[in-house]
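Structure file model_30.cif (mmCIF, C-alpha atoms) follows.
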```cif
data_protein
#
loop_
_atom_site.label_atom_id
_atom_site.label_comp_id
_atom_site.auth_asym_id
_atom_site.auth_seq_id
_atom_site.Cartn_x
_atom_site.Cartn_y
_atom_site.Cartn_z
CA MET A 12 0.00 0.00 0.00
CA THR A 13 1.34 3.40 -0.95
CA HIS A 14 1.81 5.97 1.79
CA LEU A 15 1.82 9.65 0.87
CA TYR A 16 4.69 11.92 1.84
CA PHE A 17 4.57 15.58 2.84
CA GLU A 18 5.29 16.55 -0.79
CA ASP A 19 2.24 14.60 -1.97
CA MET A 20 -0.28 16.47 0.18
CA GLU A 21 -1.67 19.89 -0.70
CA VAL A 22 -3.88 22.36 1.13
CA GLY A 23 -7.49 21.25 0.59
CA ASP A 24 -6.66 17.54 0.20
CA ARG A 25 -8.97 15.20 2.12
CA CYS A 26 -8.65 11.84 3.87
CA THR A 27 -11.58 9.88 5.28
CA ALA A 28 -12.28 6.87 7.53
CA GLY A 29 -15.27 5.00 8.87
CA PRO A 30 -18.07 4.39 9.46
CA TYR A 31 -17.71 3.16 13.06
CA LEU A 32 -20.83 1.82 14.78
CA ILE A 33 -21.02 2.65 18.48
CA THR A 34 -23.16 0.36 20.63
CA LYS A 35 -24.95 0.90 23.92
CA SER A 36 -22.71 -1.69 25.51
CA GLU A 37 -19.54 0.16 24.44
CA ILE A 38 -20.90 3.47 25.78
CA ILE A 39 -21.72 1.98 29.18
CA GLN A 40 -18.54 -0.08 29.52
CA PHE A 41 -16.30 2.82 28.54
CA ALA A 42 -17.99 5.28 30.87
CA LYS A 43 -17.94 2.86 33.81
CA GLN A 44 -14.16 2.94 33.58
CA TYR A 45 -13.45 6.59 32.68
CA ASP A 46 -16.53 8.79 33.29
CA PRO A 47 -18.89 6.97 35.65
CA VAL A 48 -21.76 9.46 35.86
CA PRO A 49 -25.42 8.42 35.52
CA ARG A 50 -26.06 10.03 32.10
CA HIS A 51 -23.40 7.78 30.51
CA ILE A 52 -24.00 4.50 32.37
CA ASP A 53 -27.64 4.33 33.53
CA GLU A 54 -30.34 4.28 30.82
CA GLU A 55 -33.17 5.33 33.13
CA ALA A 56 -31.26 8.21 34.65
CA ALA A 57 -30.09 9.27 31.18
CA ALA A 58 -33.70 9.33 29.90
CA ARG A 59 -34.50 12.00 32.50
CA THR A 60 -31.70 14.37 31.40
CA ILE A 61 -31.97 17.05 28.70
CA PHE A 62 -30.42 14.49 26.31
CA GLY A 63 -33.37 12.13 26.75
CA GLY A 64 -31.19 9.03 26.67
CA LEU A 65 -27.71 7.56 26.98
CA THR A 66 -24.85 9.52 25.44
CA ALA A 67 -21.20 8.57 25.04
CA CYS A 68 -18.73 10.26 27.36
CA SER A 69 -16.27 12.69 25.80
CA ALA A 70 -13.32 10.33 26.26
CA ASN A 71 -15.20 7.60 24.36
CA THR A 72 -15.87 9.97 21.45
CA PHE A 73 -12.24 11.12 21.48
CA SER A 74 -11.05 7.48 21.45
CA ILE A 75 -13.16 6.66 18.38
CA PHE A 76 -11.68 9.73 16.69
CA ILE A 77 -8.17 8.39 17.43
CA LEU A 78 -9.09 4.92 16.17
CA LEU A 79 -10.40 6.36 12.90
CA THR A 80 -7.27 8.47 12.40
CA THR A 81 -5.34 5.17 12.24
CA GLN A 82 -7.65 4.12 9.36
CA LEU A 83 -7.56 7.29 7.23
CA GLN A 84 -7.38 6.80 3.48
CA PRO A 85 -5.28 7.65 1.60
CA ARG A 86 -2.55 6.76 4.09
CA PHE A 87 0.37 9.06 4.75
CA HIS A 88 3.67 8.88 6.66
CA VAL A 89 2.90 10.31 10.11
CA LEU A 90 6.04 10.75 12.25
CA ALA A 91 4.34 12.18 15.34
CA GLY A 92 1.28 14.02 16.53
CA LEU A 93 1.89 17.53 17.85
CA GLY A 94 -1.46 17.99 19.57
CA TRP A 95 -4.94 19.33 18.93
CA ASP A 96 -6.44 22.81 18.97
CA GLU A 97 -10.03 23.99 19.36
CA LEU A 98 -11.34 20.55 20.30
CA ARG A 99 -15.14 20.69 20.54
CA LEU A 100 -17.96 18.15 20.88
CA PRO A 101 -20.90 20.02 19.31
CA ASN A 102 -23.43 17.14 19.41
CA ALA A 103 -23.92 14.06 21.58
CA VAL A 104 -23.01 10.55 20.41
CA ARG A 105 -25.77 7.99 21.02
CA PRO A 106 -26.09 4.18 20.84
CA GLY A 107 -26.36 3.01 17.22
CA ASP A 108 -24.67 6.09 15.75
CA GLU A 109 -22.41 5.49 12.76
CA LEU A 110 -19.45 7.85 12.86
CA ASP A 111 -17.07 8.79 10.10
CA LEU A 112 -13.96 10.94 10.06
CA ASP A 113 -13.05 13.62 7.57
CA MET A 114 -9.64 15.34 7.54
CA THR A 115 -8.78 18.30 5.31
CA VAL A 116 -5.31 19.87 5.04
CA LEU A 117 -5.55 23.53 6.17
CA GLU A 118 -1.87 24.49 6.11
CA LYS A 119 1.48 22.87 5.36
CA ARG A 120 4.99 24.04 6.10
CA GLU A 121 8.44 22.51 6.09
CA SER A 122 10.16 22.07 9.43
CA LYS A 123 12.91 24.67 9.86
CA SER A 124 15.07 22.51 12.10
CA LYS A 125 14.40 19.00 10.73
CA PRO A 126 14.75 18.52 6.98
CA ASP A 127 13.17 15.05 7.08
CA ARG A 128 9.68 16.35 7.91
CA GLY A 129 6.95 18.91 7.44
CA VAL A 130 4.06 20.07 9.61
CA LEU A 131 0.46 19.66 8.49
CA ARG A 132 -2.38 21.51 10.18
CA ASN A 133 -5.57 19.57 9.49
CA GLN A 134 -9.25 20.33 10.08
CA ILE A 135 -10.97 17.29 11.55
CA TYR A 136 -14.68 16.44 11.65
CA LEU A 137 -16.16 13.33 13.21
CA ARG A 138 -19.79 13.18 12.06
CA ASN A 139 -22.79 10.95 12.70
CA GLN A 140 -25.15 9.41 10.12
CA LYS A 141 -27.17 12.66 10.12
CA ARG A 142 -23.99 14.56 9.08
CA GLU A 143 -23.91 16.38 12.43
CA ALA A 144 -20.42 17.00 13.80
CA VAL A 145 -19.92 15.17 17.10
CA LEU A 146 -16.22 16.11 17.40
CA GLN A 147 -14.21 18.74 15.62
CA CYS A 148 -10.67 19.99 16.10
CA ILE A 149 -7.50 21.06 14.38
CA ALA A 150 -4.80 18.38 14.44
CA ASN A 151 -1.12 19.26 14.03
CA ILE A 152 1.15 16.46 12.79
CA PHE A 153 4.66 15.84 11.57
CA VAL A 154 4.63 14.08 8.21
CA ALA A 155 7.77 12.58 6.64
CA ARG A 156 9.25 14.26 3.58
CA ARG A 157 10.07 12.09 0.60
CA PRO A 158 13.53 10.61 1.34
CA ASP A 159 14.96 11.79 -1.97
CA ALA A 160 13.40 15.26 -1.74
CA ASN A 161 16.72 16.95 -1.03
CA ALA A 162 18.84 14.81 -3.34
CA PRO A 163 20.28 16.50 -6.44
CA PRO A 164 18.44 15.60 -9.66
CA ALA A 165 19.69 12.37 -11.24
CA GLY A 166 21.85 12.54 -14.37
CA MET B 14 -20.33 17.54 50.35
CA THR B 15 -20.18 21.23 49.45
CA HIS B 16 -19.93 22.15 45.77
CA LEU B 17 -18.49 25.52 44.83
CA TYR B 18 -20.38 27.95 42.62
CA PHE B 19 -18.99 30.34 40.01
CA GLU B 20 -18.95 33.11 42.65
CA ASP B 21 -16.74 30.97 44.93
CA MET B 22 -13.93 30.52 42.39
CA GLU B 23 -11.27 33.14 41.67
CA VAL B 24 -8.51 33.41 39.12
CA GLY B 25 -5.55 31.43 40.48
CA ASP B 26 -7.66 28.97 42.49
CA ARG B 27 -6.59 25.33 42.14
CA CYS B 28 -8.30 21.95 42.20
CA THR B 29 -6.47 18.63 42.19
CA ALA B 30 -7.16 14.90 41.72
CA GLY B 31 -5.23 11.65 41.74
CA PRO B 32 -2.94 9.83 41.81
CA TYR B 33 -4.09 7.27 39.22
CA LEU B 34 -1.89 4.21 38.66
CA ILE B 35 -1.77 3.03 35.04
CA THR B 36 -0.86 -0.62 34.47
CA LYS B 37 0.67 -2.42 31.52
CA SER B 38 -2.52 -4.40 31.15
CA GLU B 39 -4.66 -1.23 30.88
CA ILE B 40 -2.30 0.26 28.27
CA ILE B 41 -2.43 -2.86 26.09
CA GLN B 42 -6.16 -3.47 26.45
CA PHE B 43 -7.04 0.14 25.71
CA ALA B 44 -4.81 0.36 22.66
CA LYS B 45 -6.04 -2.96 21.25
CA GLN B 46 -9.48 -1.37 21.02
CA TYR B 47 -8.67 2.22 20.01
CA ASP B 48 -5.08 2.54 18.74
CA PRO B 49 -3.81 -0.91 17.78
CA VAL B 50 -0.26 -0.12 16.69
CA PRO B 51 2.78 -2.15 17.85
CA ARG B 52 4.30 0.53 20.13
CA HIS B 53 1.17 0.49 22.32
CA ILE B 54 0.31 -3.24 22.33
CA ASP B 55 3.50 -5.26 21.74
CA GLU B 56 6.22 -5.04 24.41
CA GLU B 57 9.00 -6.36 22.18
CA ALA B 58 8.16 -4.07 19.28
CA ALA B 59 7.82 -1.14 21.69
CA ALA B 60 11.29 -1.83 23.15
CA ARG B 61 12.79 -1.26 19.70
CA THR B 62 11.19 2.21 19.24
CA ILE B 63 12.72 5.52 20.35
CA PHE B 64 10.55 5.21 23.50
CA GLY B 65 12.36 2.00 24.53
CA GLY B 66 9.19 0.39 25.87
CA LEU B 67 5.39 0.40 25.94
CA THR B 68 3.64 3.76 26.08
CA ALA B 69 -0.03 4.55 26.52
CA CYS B 70 -1.91 5.72 23.44
CA SER B 71 -3.12 9.32 23.39
CA ALA B 72 -6.78 8.33 23.84
CA ASN B 73 -5.86 6.35 26.97
CA THR B 74 -4.08 9.38 28.46
CA PHE B 75 -7.00 11.64 27.53
CA SER B 76 -9.45 9.20 29.17
CA ILE B 77 -7.50 9.22 32.44
CA PHE B 78 -7.55 13.03 32.31
CA ILE B 79 -11.37 12.92 31.96
CA LEU B 80 -11.69 10.41 34.81
CA LEU B 81 -9.62 12.61 37.11
CA THR B 82 -11.67 15.72 36.23
CA THR B 83 -14.67 13.87 37.75
CA GLN B 84 -12.66 13.55 40.99
CA LEU B 85 -11.33 17.12 41.34
CA GLN B 86 -11.30 18.60 44.84
CA PRO B 87 -12.75 20.94 45.84
CA ARG B 88 -15.84 20.05 43.81
CA PHE B 89 -17.74 22.66 41.86
CA HIS B 90 -21.04 22.84 39.93
CA VAL B 91 -20.13 22.04 36.33
CA LEU B 92 -23.08 22.55 33.94
CA ALA B 93 -21.30 21.60 30.73
CA GLY B 94 -17.90 21.34 29.10
CA LEU B 95 -17.27 23.74 26.22
CA GLY B 96 -14.18 22.03 24.85
CA TRP B 97 -10.42 22.11 25.10
CA ASP B 98 -7.75 24.29 23.56
CA GLU B 99 -4.03 23.71 23.00
CA LEU B 100 -4.21 20.03 23.96
CA ARG B 101 -0.67 18.61 24.06
CA LEU B 102 0.96 15.37 25.27
CA PRO B 103 4.52 16.50 26.04
CA ASN B 104 5.77 13.22 27.57
CA ALA B 105 4.86 9.55 27.19
CA VAL B 106 2.82 7.65 29.80
CA ARG B 107 4.36 4.31 30.76
CA PRO B 108 3.24 1.24 32.75
CA GLY B 109 3.41 1.93 36.50
CA ASP B 110 3.14 5.71 36.16
CA GLU B 111 1.13 7.51 38.82
CA LEU B 112 -0.72 10.44 37.33
CA ASP B 113 -2.28 13.41 39.05
CA LEU B 114 -4.35 16.28 37.76
CA ASP B 115 -3.95 19.95 38.56
CA MET B 116 -6.44 22.61 37.41
CA THR B 117 -5.92 26.36 37.87
CA VAL B 118 -8.50 29.02 37.02
CA LEU B 119 -7.03 31.29 34.30
CA GLU B 120 -10.06 33.48 33.55
CA LYS B 121 -13.67 33.80 34.64
CA ARG B 122 -16.54 35.68 33.08
CA GLU B 123 -20.30 35.75 33.49
CA SER B 124 -22.37 34.43 30.60
CA LYS B 125 -23.98 37.33 28.71
CA SER B 126 -27.01 35.35 27.57
CA LYS B 127 -27.56 32.96 30.50
CA PRO B 128 -27.71 34.50 33.98
CA ASP B 129 -27.55 31.09 35.69
CA ARG B 130 -23.92 30.44 34.70
CA GLY B 131 -20.41 31.68 34.15
CA VAL B 132 -17.52 30.50 31.99
CA LEU B 133 -14.23 29.36 33.53
CA ARG B 134 -11.10 28.98 31.46
CA ASN B 135 -8.80 26.57 33.29
CA GLN B 136 -5.19 25.52 32.79
CA ILE B 137 -4.89 21.74 33.12
CA TYR B 138 -1.80 19.65 33.80
CA LEU B 139 -1.74 15.87 34.07
CA ARG B 140 1.65 14.93 35.51
CA ASN B 141 3.53 11.74 36.31
CA GLN B 142 5.39 10.87 39.52
CA LYS B 143 8.48 12.70 38.19
CA ARG B 144 6.35 15.87 37.87
CA GLU B 145 6.63 15.77 34.07
CA ALA B 146 3.51 16.92 32.23
CA VAL B 147 2.04 14.07 30.18
CA LEU B 148 -1.05 16.05 29.09
CA GLN B 149 -1.77 19.76 29.19
CA CYS B 150 -4.59 21.85 27.83
CA ILE B 151 -6.96 24.70 28.51
CA ALA B 152 -10.47 23.55 29.46
CA ASN B 153 -13.48 25.81 29.04
CA ILE B 154 -16.50 25.04 31.23
CA PHE B 155 -19.85 26.43 32.23
CA VAL B 156 -20.15 26.60 36.02
CA ALA B 157 -23.44 27.34 37.81
CA ARG B 158 -23.88 30.69 39.51
CA ARG B 159 -25.15 30.67 43.07
CA PRO B 160 -28.96 30.43 42.80
CA ASP B 161 -29.50 33.50 44.96
CA ALA B 162 -26.79 35.57 43.23
CA ASN B 163 -29.31 37.83 41.48
CA ALA B 164 -31.78 38.11 44.34
CA PRO B 165 -32.09 41.51 46.04
CA PRO B 166 -30.41 41.69 49.45
CA ALA B 167 -32.61 40.40 52.26
CA GLY B 168 -34.27 42.90 54.59
#
```
Can you present the structure in this file as structure tokens?
Amino acid sequence: MTHLYFEDMEVGDRCTAGPYLITKSEIIQFAKQYDPVPRHIDEEAAARTIFGGLTACSANTFSIFILLTTQLQPRFHVLAGLGWDELRLPNAVRPGDELDLDMTVLEKRESKSKPDRGVLRNQIYLRNQKREAVLQCIANIFVARRPDANAPPAG
Amino acid sequence: MTHLYFEDMEVGDRCTAGPYLITKSEIIQFAKQYDPVPRHIDEEAAARTIFGGLTACSANTFSIFILLTTQLQPRFHVLAGLGWDELRLPNAVRPGDELDLDMTVLEKRESKSKPDRGVLRNQIYLRNQKREAVLQCIANIFVARRPDANAPPAG
């Protein structure tokens, strides 16, 4: 499988992944371990909240986002993540939702100190089957430059 | 247990939670589900990376951060999270690490449209037992105002 290098990616290029089906059992199990409050683990209590039913905890939604980033197509040579900006969860994730990930390159620049890499700044949307964003952020990553990018032209 | 209101919290106030002990088994189990790459799930492969051993995946670290936010002391009346800015993972989390959370109020302002709440902007650090930050971010939250805050003075 071909992996794209920094040189192969332009501002506006898109990668996608998914769908991922989230189940009630995943929502409850995850929240019991990392966010054990009634609206994420108790169906009856959740029905009485303004959400009217179980919703996934933020860490569960974030984890599905991370899983889908490992499945983005086309693939590219990620060296390291540099972090996330403006991370928001605009809508709740519910049992049975099918989530897909959409990444668009916002900016690219070569690293000043490390000639083997460039920095991509990517707009991320995780959306449900109704096309509502359930997570959005800007992800900053180091992507490898093509190994021969600095070599003199052949011949 | 007393919960603090928006009026009770000042810029510079701190809340803390932890420690949380992360085990090798948690790291591997979590990553198998949400970030199944060798450096998070295979001890031998991880030993050959620049990290020299297993490290927790970013979603695992984020989930522990969320868990500890539910345990912050002193407690306060959170109405909703508004998201996170400048989320970074400056150091790796490893098996046996003991993590604690530290939250400091950076800014506070009353909501213009909703008199029942205010917005806190908080600096967050999740640190290991060597006091190295393993996650840092700015968290924006709605906190309830004291119910009688707008009532005329008694008498």
Discussion item. What would the selection look like, as a PyMOL selection string, if the PyMOL selection byres ((chain A) within 6 of (chain B)) were run on the coordinates I just shared?
Written reply: chain A and resi 45-46+70+74+78+94-99
Worksheet entry | Atomic separation - atom CA of Phe64 of chain B relative to atom CA of Ile135 of chain A, Å |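 Atom CA of Phe64 of chain B lies at a distance of 27.4 Å from atom CA of Ile135 of chain A.
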Worksheet item: Excluding same-chain residues fewer than 3 positions from Gly23 of chain A, what lies within 8 Å of it counting all atoms listed in the file, as a PyMOL selection string?
Response: chain A and resi 115-117
Practice prompt. Go ahead and compute the interatomic distance for atom CA of Cys28 of chain B and atom CA of Ala105 of chain B, in Å to one decimal.
Written response: 23.5 Å
Worksheet item: Written as number ranges by chain, what is the full residue list that the PyMOL selection byres ((chain B and resi 26) around 12) yields on the file shown?
Response: B: 17, 19, 21-25, 27-29, 86-87, 89, 115-121, 133-136
Missing atoms in segment 75-91 of chain A need filling: write out N, CA and C atoms for it as a CSV table (one decimal), in the frame of the given file.
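Output below, filename selection-v1.csv:
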```csv
chain,number,residue,atom,x,y,z
A,75,ILE,N,-12.7,7.1,19.7
A,75,ILE,CA,-13.2,6.7,18.4
A,75,ILE,C,-12.5,7.6,17.3
A,76,PHE,N,-12.4,8.8,17.6
A,76,PHE,CA,-11.7,9.7,16.7
A,76,PHE,C,-10.2,9.2,16.5
A,77,ILE,N,-9.6,8.9,17.6
A,77,ILE,CA,-8.2,8.4,17.4
A,77,ILE,C,-8.1,7.1,16.6
A,78,LEU,N,-9.1,6.2,16.9
A,78,LEU,CA,-9.1,4.9,16.2
A,78,LEU,C,-9.3,5.2,14.7
A,79,LEU,N,-10.2,6.1,14.3
A,79,LEU,CA,-10.4,6.4,12.9
A,79,LEU,C,-9.2,7.1,12.3
A,80,THR,N,-8.5,7.8,13.0
A,80,THR,CA,-7.3,8.5,12.4
A,80,THR,C,-6.3,7.4,12.0
A,81,THR,N,-6.3,6.2,12.6
A,81,THR,CA,-5.3,5.2,12.2
A,81,THR,C,-5.8,4.5,11.0
A,82,GLN,N,-7.1,4.8,10.5
A,82,GLN,CA,-7.6,4.1,9.4
A,82,GLN,C,-7.8,5.1,8.2
A,83,LEU,N,-7.3,6.3,8.3
A,83,LEU,CA,-7.6,7.3,7.2
A,83,LEU,C,-7.0,6.8,5.9
A,84,GLN,N,-7.8,7.1,4.8
A,84,GLN,CA,-7.4,6.8,3.5
A,84,GLN,C,-7.5,8.1,2.7
A,85,PRO,N,-6.5,8.4,1.8
A,85,PRO,CA,-5.3,7.6,1.6
A,85,PRO,C,-4.4,7.8,2.8
A,86,ARG,N,-3.5,6.8,3.0
A,86,ARG,CA,-2.6,6.8,4.1
A,86,ARG,C,-1.4,7.7,3.8
A,87,PHE,N,-0.8,8.2,4.9
A,87,PHE,CA,0.4,9.1,4.8
A,87,PHE,C,1.3,8.8,5.9
A,88,HIS,N,2.6,9.2,5.7
A,88,HIS,CA,3.7,8.9,6.7
A,88,HIS,C,3.7,9.8,7.9
A,89,VAL,N,2.9,9.5,8.9
A,89,VAL,CA,2.9,10.3,10.1
A,89,VAL,C,4.1,10.0,11.0
A,90,LEU,N,4.9,11.0,11.3
A,90,LEU,CA,6.0,10.8,12.2
A,90,LEU,C,5.6,10.9,13.7
A,91,ALA,N,4.8,11.9,14.0
A,91,ALA,CA,4.3,12.2,15.3
A,91,ALA,C,3.2,13.2,15.3
```
